[in-house]
2 protein chains.
Amino acid sequence: MEGAALTAQIVDIPSVSGEEGPLADAIERALRPLPHLAVYRDGNVIVARTTLGRPERVILAGHLDTVPLAGNLPSHAEGPRLYGCGTTDMKSGVAVQLRLAASLTAPGRDVTYVFYDCEEVAAERNGLGRLSRTRPDLLAGDFAVLMEPSSGEIEAGCQGTLRAEITAAGRRAHTARSWMGRNAIHEAGDILAVLRGYAAREPEVEGLRYHEGLNAVGIRGGVAGNVIPDECVVTVNYRFAPDRDAAQAEDFVRSLFPAWPVTVLDVAEGARPGLAHPAAAAFVAAVGGTPRAKLGWTDVARFAALGVPAVNYGPGVSEIAHTPDEYVEIAPIAACEARLRSWLGQ
Amino acid sequence: MEGAALTAQIVDIPSVSGEEGPLADAIERALRPLPHLAVYRDGNVIVARTTLGRPERVILAGHLDTVPLAGNLPSHAEGPRLYGCGTTDMKSGVAVQLRLAASLTAPGRDVTYVFYDCEEVAAERNGLGRLSRTRPDLLAGDFAVLMEPSSGEIEAGCQGTLRAEITAAGRRAHTARSWMGRNAIHEAGDILAVLRGYAAREPEVEGLRYHEGLNAVGIRGGVAGNVIPDECVVTVNYRFAPDRDAAQAEDFVRSLFPAWPVTVLDVAEGARPGLAHPAAAAFVAAVGGTPRAKLGWTDVARFAALGVPAVNYGPGVSEIAHTPDEYVEIAPIAACEARLRSWLGQ
């Protein structure tokens, strides 16, 4: 079965986050019998590995889950596109993984194929995260490719993300005598002014240009319709290039808001591109094109934290991920597979 | 029983809004047997009226309910003060009403005593409001005194209040590519700037100076921690002097925010002082002091809407209403009663 047909077959096994069981079962059934693969299962994570004793080991990883359905199953082809939930994010990538896993019986590099669950939901449920804590040995390797939608181009590294709350304080009073109080929501105007005055850094890291961002993603304040509010909390999200670590990102946010208490809610470091590693350089040479910086945070950061350079590379189109009209262009599926096949060698 | 002792007795019958039954029962038991009063009960509203055929009828009104308890019952006297939930707002006023109702068997003016429930909660539950719709005849009169805390001074009329939502719009995007969207919370900074630039009117109305206010009382916005928000809603409260009616108040708010949709949530007109009415002038002469403008909205506006001029006048201290340390000065209770007694005549 060629890649587009396999993509359609996988798409038609619904696997919204938390409900990946049937798809994981199908993948396990397909791979378990193959004598060139050692297959490991943990919950709905499937790991299949060649064990040829090659000098290099690389990883191809993809998540099985999708965002909730939006009346967009079963899949259907329309001209050059295949429509349906998960076509782009990222079952076309999973189809490529599966075809390589089944057919590359003796690749030039040892390969670890990872299929995992719960990527689209809260980080603590992420199957790759769980495996990195319980069985990091299964994720060991020289280089990893995460088959997230990247329009067939290499997106290297990823930006980090930090969320923090900035709190403006005031003094309560009855609104009929507002001058007896101090309005925390009005005060928060100064916090918003800082955000509006922020100029984004666009640093070059190992030859790739990143683009940071600092935005309010939430604001709340108010006690009652007749009370001058004494607190207003602005939640900000700072997306930072991988030349900054978590501590530097936090210092930067605090430095912007010296007048207010800053509470960091969570932070996830990004990942440097790591394209200088020989396995990565060989990948870039085989795939072609010009690598670009990945701006969003992705699971490549989990590999980076394990000391494994990683990139995003897949046939999907990230811009239409998570939309009801999600689709994948059919032609790039085979092209992606062919390039990976030439890189992995046989 | 003198006024302070009666206040303590009433305070010690808890009557948080919605739970006024036992206190209403006690008042009904006290007044029903008195031959000079016609007593009417509707739910927890008690109305007691003299029917002497006097040329003027005046109304003394007070609410029975309190804000939620804060560990401040039972009441206790401490030096010149009586402490406890409801002492100032407004059971000391209710005690004065009750003493006058019981003792003035043949006042020079016919008197309607109104005791009502649910003043401290949502307007639609207000017992006086209900009575004004179902039995406006029971509220007919030439002049009304609402015995809300006013530190023993006459507070005339009241300011109106309008609440509206001002909505800033944006365009959603992933925060990793924030420049693809438009941040509605950042945009709301312009709304807050209007509020901060607002200069309050302090108009003189019938000789009394009012003081307006325009404040954010709520703000909300945000979709998720990784999404540029497409909406931010600022709720504002405009307190307006009684020289403006509801339509003028709304026009004013809309004129300040021409760039954004403005949705009026609710509006309650204020009440002009109305001190020129003969019954009001006689009241001012009897009570003494210099009337001042009432800045908060009170139920005097309900009387104004029925065509009955009304003032706030009671022994409590409005500044400490609704605080855990609520108290009333004991001496003004008797002074308030004496002045009302001299005005009502016997």
# chains A, B, ... in the order shown; residues from 1 in each chain; ligands from 1
$ residues_around --residues "Arg41 in chain A" --least-positions-apart "2" --cutoff "12 Å" --atoms "only C-alpha atoms" --output "number ranges by chain"
A: 21, 24-25, 27-29, 31-32, 38-39, 43-49, 113-117, 127, 131, 135, 138
$ interface_residues --of "chain B" --to "chain A" --cutoff "9 Å" --atoms "only C-alpha atoms" --output "short mmCIF file (atom, residue, chain, number, x, y, z; two decimals) with N, CA, C and O atoms, in the first residue's frame"
data_model
loop_
_atom_site.label_atom_id
_atom_site.label_comp_id
_atom_site.auth_asym_id
_atom_site.auth_seq_id
_atom_site.Cartn_x
_atom_site.Cartn_y
_atom_site.Cartn_z
N GLN B 159 -27.10 59.29 43.22
CA GLN B 159 -26.55 59.18 41.87
C GLN B 159 -27.06 57.91 41.19
O GLN B 159 -27.38 56.92 41.84
N THR B 161 -26.56 54.72 38.36
CA THR B 161 -25.46 53.78 38.10
C THR B 161 -25.74 53.02 36.81
O THR B 161 -26.86 52.59 36.55
N ARG B 163 -23.90 50.07 34.16
CA ARG B 163 -22.81 49.14 33.89
C ARG B 163 -22.83 48.79 32.41
O ARG B 163 -23.90 48.57 31.83
N HIS B 174 -1.43 31.44 16.95
CA HIS B 174 -0.58 30.74 17.92
C HIS B 174 0.43 31.75 18.47
O HIS B 174 0.94 32.58 17.71
N THR B 175 0.70 31.68 19.77
CA THR B 175 1.63 32.66 20.35
C THR B 175 3.04 32.50 19.81
O THR B 175 3.85 33.42 19.91
N ALA B 176 3.37 31.34 19.23
CA ALA B 176 4.71 31.17 18.66
C ALA B 176 4.84 31.99 17.36
O ALA B 176 5.95 32.21 16.90
N ARG B 177 3.73 32.39 16.81
CA ARG B 177 3.73 33.26 15.61
C ARG B 177 2.76 34.41 15.87
O ARG B 177 1.81 34.62 15.13
N SER B 178 3.02 35.16 16.92
CA SER B 178 2.05 36.15 17.39
C SER B 178 1.76 37.22 16.35
O SER B 178 0.68 37.78 16.32
N TRP B 179 2.73 37.48 15.49
CA TRP B 179 2.55 38.54 14.47
C TRP B 179 1.51 38.15 13.42
O TRP B 179 1.09 38.98 12.63
N ASN B 183 -3.63 41.07 19.17
CA ASN B 183 -3.91 40.75 20.56
C ASN B 183 -4.98 41.68 21.15
O ASN B 183 -4.74 42.87 21.36
N ALA B 184 -6.15 41.11 21.43
CA ALA B 184 -7.27 41.92 21.94
C ALA B 184 -6.98 42.46 23.34
O ALA B 184 -7.47 43.53 23.70
N ILE B 185 -6.20 41.72 24.14
CA ILE B 185 -5.90 42.22 25.48
C ILE B 185 -4.98 43.44 25.38
O ILE B 185 -5.17 44.43 26.08
N HIS B 186 -4.01 43.38 24.48
CA HIS B 186 -3.16 44.55 24.27
C HIS B 186 -4.02 45.73 23.82
O HIS B 186 -3.86 46.86 24.30
N GLU B 187 -4.93 45.45 22.90
CA GLU B 187 -5.84 46.49 22.40
C GLU B 187 -6.63 47.13 23.53
O GLU B 187 -6.90 48.33 23.52
N ALA B 188 -7.02 46.32 24.51
CA ALA B 188 -7.81 46.85 25.63
C ALA B 188 -7.04 47.89 26.42
O ALA B 188 -7.63 48.66 27.19
N GLY B 189 -5.73 47.95 26.23
CA GLY B 189 -4.96 49.02 26.86
C GLY B 189 -5.49 50.39 26.48
O GLY B 189 -5.48 51.32 27.29
N ASP B 190 -6.01 50.52 25.27
CA ASP B 190 -6.58 51.80 24.85
C ASP B 190 -7.87 52.11 25.60
O ASP B 190 -8.17 53.28 25.88
N ILE B 191 -8.63 51.08 25.92
CA ILE B 191 -9.86 51.28 26.71
C ILE B 191 -9.49 51.75 28.11
O ILE B 191 -10.07 52.70 28.64
N LEU B 192 -8.47 51.09 28.68
CA LEU B 192 -8.04 51.48 30.03
C LEU B 192 -7.48 52.91 30.01
O LEU B 192 -7.66 53.66 30.97
N ALA B 193 -6.85 53.29 28.90
CA ALA B 193 -6.30 54.65 28.81
C ALA B 193 -7.43 55.68 28.84
O ALA B 193 -7.30 56.75 29.45
N LEU B 195 -10.26 55.29 30.40
CA LEU B 195 -10.74 55.33 31.79
C LEU B 195 -9.78 56.15 32.66
O LEU B 195 -10.22 56.91 33.52
N ARG B 196 -8.48 55.97 32.41
CA ARG B 196 -7.51 56.70 33.22
C ARG B 196 -7.52 58.18 32.90
O ARG B 196 -7.15 59.00 33.75
N HIS B 211 -20.70 63.93 42.74
CA HIS B 211 -19.34 63.59 42.31
C HIS B 211 -19.42 62.28 41.53
O HIS B 211 -19.65 61.23 42.12
N GLU B 212 -19.23 62.37 40.23
CA GLU B 212 -19.39 61.18 39.40
C GLU B 212 -18.14 60.29 39.44
O GLU B 212 -17.13 60.63 40.05
N GLY B 213 -18.23 59.16 38.79
CA GLY B 213 -17.10 58.24 38.71
C GLY B 213 -17.28 57.29 37.55
O GLY B 213 -18.41 56.93 37.20
N LEU B 214 -16.18 56.93 36.93
CA LEU B 214 -16.22 55.97 35.83
C LEU B 214 -15.05 55.01 36.03
O LEU B 214 -13.89 55.42 36.01
N ASN B 215 -15.38 53.74 36.25
CA ASN B 215 -14.35 52.78 36.60
C ASN B 215 -14.53 51.43 35.95
O ASN B 215 -15.66 50.97 35.79
N ALA B 216 -13.41 50.81 35.63
CA ALA B 216 -13.44 49.39 35.30
C ALA B 216 -13.77 48.64 36.58
O ALA B 216 -13.15 48.87 37.62
N VAL B 217 -14.73 47.74 36.50
CA VAL B 217 -15.05 46.88 37.65
C VAL B 217 -14.80 45.41 37.30
O VAL B 217 -14.97 44.54 38.14
N GLY B 218 -14.42 45.17 36.05
CA GLY B 218 -14.10 43.79 35.66
C GLY B 218 -13.37 43.81 34.33
O GLY B 218 -13.52 44.74 33.53
N ILE B 219 -12.55 42.80 34.14
CA ILE B 219 -11.89 42.65 32.84
C ILE B 219 -11.66 41.16 32.63
O ILE B 219 -11.36 40.43 33.58
N ARG B 220 -11.90 40.71 31.43
CA ARG B 220 -11.66 39.30 31.14
C ARG B 220 -11.24 39.16 29.69
O ARG B 220 -11.68 39.89 28.81
N GLY B 221 -10.36 38.19 29.47
CA GLY B 221 -9.90 37.92 28.13
C GLY B 221 -8.96 36.74 28.18
O GLY B 221 -8.35 36.46 29.22
N GLY B 222 -8.84 36.03 27.05
CA GLY B 222 -7.92 34.91 27.01
C GLY B 222 -8.61 33.65 26.53
O GLY B 222 -9.74 33.36 26.91
N VAL B 223 -7.91 32.92 25.68
CA VAL B 223 -8.45 31.69 25.08
C VAL B 223 -7.72 30.48 25.66
O VAL B 223 -8.33 29.55 26.16
N ALA B 224 -6.41 30.52 25.60
CA ALA B 224 -5.58 29.45 26.13
C ALA B 224 -4.18 30.03 26.28
O ALA B 224 -3.88 31.11 25.76
N GLY B 225 -3.34 29.30 26.99
CA GLY B 225 -2.01 29.80 27.29
C GLY B 225 -1.11 29.95 26.08
O GLY B 225 -0.04 30.54 26.18
N ASN B 226 -1.51 29.43 24.92
CA ASN B 226 -0.68 29.51 23.72
C ASN B 226 -1.43 30.16 22.55
O ASN B 226 -1.07 29.95 21.40
N VAL B 227 -2.46 30.94 22.87
CA VAL B 227 -3.27 31.55 21.82
C VAL B 227 -3.34 33.07 22.01
O VAL B 227 -3.60 33.54 23.11
N ILE B 228 -3.09 33.80 20.92
CA ILE B 228 -3.32 35.25 20.93
C ILE B 228 -4.83 35.46 21.05
O ILE B 228 -5.59 34.98 20.20
N PRO B 229 -5.27 36.15 22.09
CA PRO B 229 -6.71 36.26 22.34
C PRO B 229 -7.39 37.21 21.36
O PRO B 229 -6.85 38.25 20.99
N CYS B 232 -11.32 40.85 24.40
CA CYS B 232 -11.09 41.26 25.78
C CYS B 232 -12.23 42.20 26.15
O CYS B 232 -12.53 43.15 25.44
N THR B 235 -15.59 45.59 31.78
CA THR B 235 -16.87 46.03 32.35
C THR B 235 -16.64 47.31 33.13
O THR B 235 -15.75 47.36 33.98
N VAL B 236 -17.42 48.33 32.80
CA VAL B 236 -17.26 49.62 33.49
C VAL B 236 -18.53 49.95 34.27
O VAL B 236 -19.63 49.50 33.94
N ASN B 237 -18.34 50.72 35.32
CA ASN B 237 -19.46 51.21 36.11
C ASN B 237 -19.40 52.73 36.11
O ASN B 237 -18.41 53.31 36.55
N TYR B 238 -20.44 53.35 35.59
CA TYR B 238 -20.52 54.81 35.56
C TYR B 238 -21.54 55.25 36.61
O TYR B 238 -22.69 54.83 36.57
N ARG B 239 -21.07 56.04 37.56
CA ARG B 239 -21.94 56.60 38.58
C ARG B 239 -22.23 58.03 38.18
O ARG B 239 -21.29 58.84 38.09
N PHE B 240 -23.49 58.35 37.91
CA PHE B 240 -23.80 59.66 37.34
C PHE B 240 -24.75 60.46 38.22
O PHE B 240 -25.67 59.93 38.84
N LEU B 295 -24.08 60.01 47.17
CA LEU B 295 -23.31 59.61 45.99
C LEU B 295 -23.65 58.20 45.54
O LEU B 295 -23.65 57.91 44.35
N GLY B 296 -23.92 57.33 46.49
CA GLY B 296 -24.29 55.96 46.10
C GLY B 296 -25.73 55.91 45.65
O GLY B 296 -26.54 56.78 45.99
N TRP B 297 -26.03 54.87 44.88
CA TRP B 297 -27.43 54.64 44.50
C TRP B 297 -28.10 53.99 45.69
O TRP B 297 -27.55 53.08 46.32
#
$ select_by_dssp --residues "range 23-198 of chain A" --states "helix (DSSP H, G or I)" --output "ChimeraX atom specification"
/A:23-31,87-103,123-125,127-134,136-139,175-180,184-197
$ residues_around --residues "Pro107 in chain A" --least-positions-apart "6" --cutoff "9 Å" --atoms "only C-alpha atoms" --output "PyMOL selection string"
chain A and resi 50+52+54+341+344-346
$ write_last_selection --atoms "N, CA and C atoms" --output "short mmCIF file (atom, residue, chain, number, x, y, z; two decimals), in the first residue's frame"
data_model
loop_
_atom_site.label_atom_id
_atom_site.label_comp_id
_atom_site.auth_asym_id
_atom_site.auth_seq_id
_atom_site.Cartn_x
_atom_site.Cartn_y
_atom_site.Cartn_z
N THR A 50 15.51 -1.42 15.03
CA THR A 50 16.46 -2.34 14.41
C THR A 50 17.64 -2.47 15.36
N LEU A 52 21.05 -3.68 14.49
CA LEU A 52 22.02 -4.19 13.54
C LEU A 52 23.46 -3.89 13.96
N ARG A 54 24.84 -0.97 14.01
CA ARG A 54 25.41 0.09 13.20
C ARG A 54 26.09 1.13 14.09
N ARG A 341 14.29 7.56 3.08
CA ARG A 341 14.81 6.26 2.67
C ARG A 341 16.26 6.41 2.17
N LEU A 344 18.51 7.04 5.22
CA LEU A 344 18.72 5.90 6.11
C LEU A 344 19.53 4.79 5.45
N GLY A 345 19.47 4.75 4.10
CA GLY A 345 20.29 3.77 3.38
C GLY A 345 19.81 2.34 3.58
N GLN A 346 20.22 1.49 2.68
CA GLN A 346 19.85 0.06 2.82
C GLN A 346 20.90 -0.72 2.07
#
$ atom_distance --atom1 "CA of Leu306 in chain A" --atom2 "CA of Ser151 in chain A"
26.2 Å
$ residues_around --residues "range 86-89 of chain A" --least-positions-apart "2" --cutoff "7 Å" --atoms "only C-alpha atoms" --output "JSON list (two decimals) with C-alpha atoms, in the first residue's frame"
[["chain", "number", "residue", "atom", "x", "y", "z"],
["A", 7, "THR", "CA", -2.42, 7.62, 5.53],
["A", 11, "VAL", "CA", -6.79, 8.54, 9.54],
["A", 66, "THR", "CA", -5.35, 14.03, 17.01],
["A", 82, "LEU", "CA", -6.42, 14.05, 1.28],
["A", 83, "TYR", "CA", -8.86, 15.59, 3.76],
["A", 84, "GLY", "CA", -9.63, 14.48, 7.30],
["A", 91, "LYS", "CA", -0.83, 10.69, 10.40],
["A", 92, "SER", "CA", 0.78, 11.24, 7.00],
["A", 148, "GLU", "CA", 5.45, 16.92, 12.77],
["A", 149, "PRO", "CA", 4.00, 18.84, 9.83],
["A", 316, "GLY", "CA", 1.99, 17.88, 6.69],
["A", 317, "VAL", "CA", 1.32, 21.64, 6.59],
["A", 321, "ALA", "CA", -3.28, 21.68, 11.59],
["A", 326, "GLU", "CA", -7.39, 19.78, 7.73],
["A", 327, "TYR", "CA", -5.79, 18.15, 4.71],
["A", 328, "VAL", "CA", -2.44, 16.92, 3.46]]
$ closest_residue --among "A:Asp110, A:Glu20, A:Glu155, A:Glu120" --to "Gly274 in chain A" --atoms "only C-alpha atoms"
A:Glu155
$ select_by_dssp --residues "range 27-226 of chain B" --states "strand (DSSP E or B)" --output "PyMOL selection string"
chain B and resi 38-42+45-49+57-63+66+76-78+81-83+110-116+143-146+155-156+158+160-169+171+173-174+182+204-205+208-209+213-221
$ atom_distance --atom1 "CA of Thr263 in chain A" --atom2 "CA of Ala304 in chain A"
26.3 Å
$ atom_distance --atom1 "CA of Ala268 in chain B" --atom2 "CA of Ala61 in chain B"
19.5 Å
$ residues_around --residues "Val308 in chain B" --least-positions-apart "2" --cutoff "10 Å" --atoms "only C-alpha atoms" --output "ChimeraX atom specification"
/B:58-59,139-144,274,277,300-306,310-311
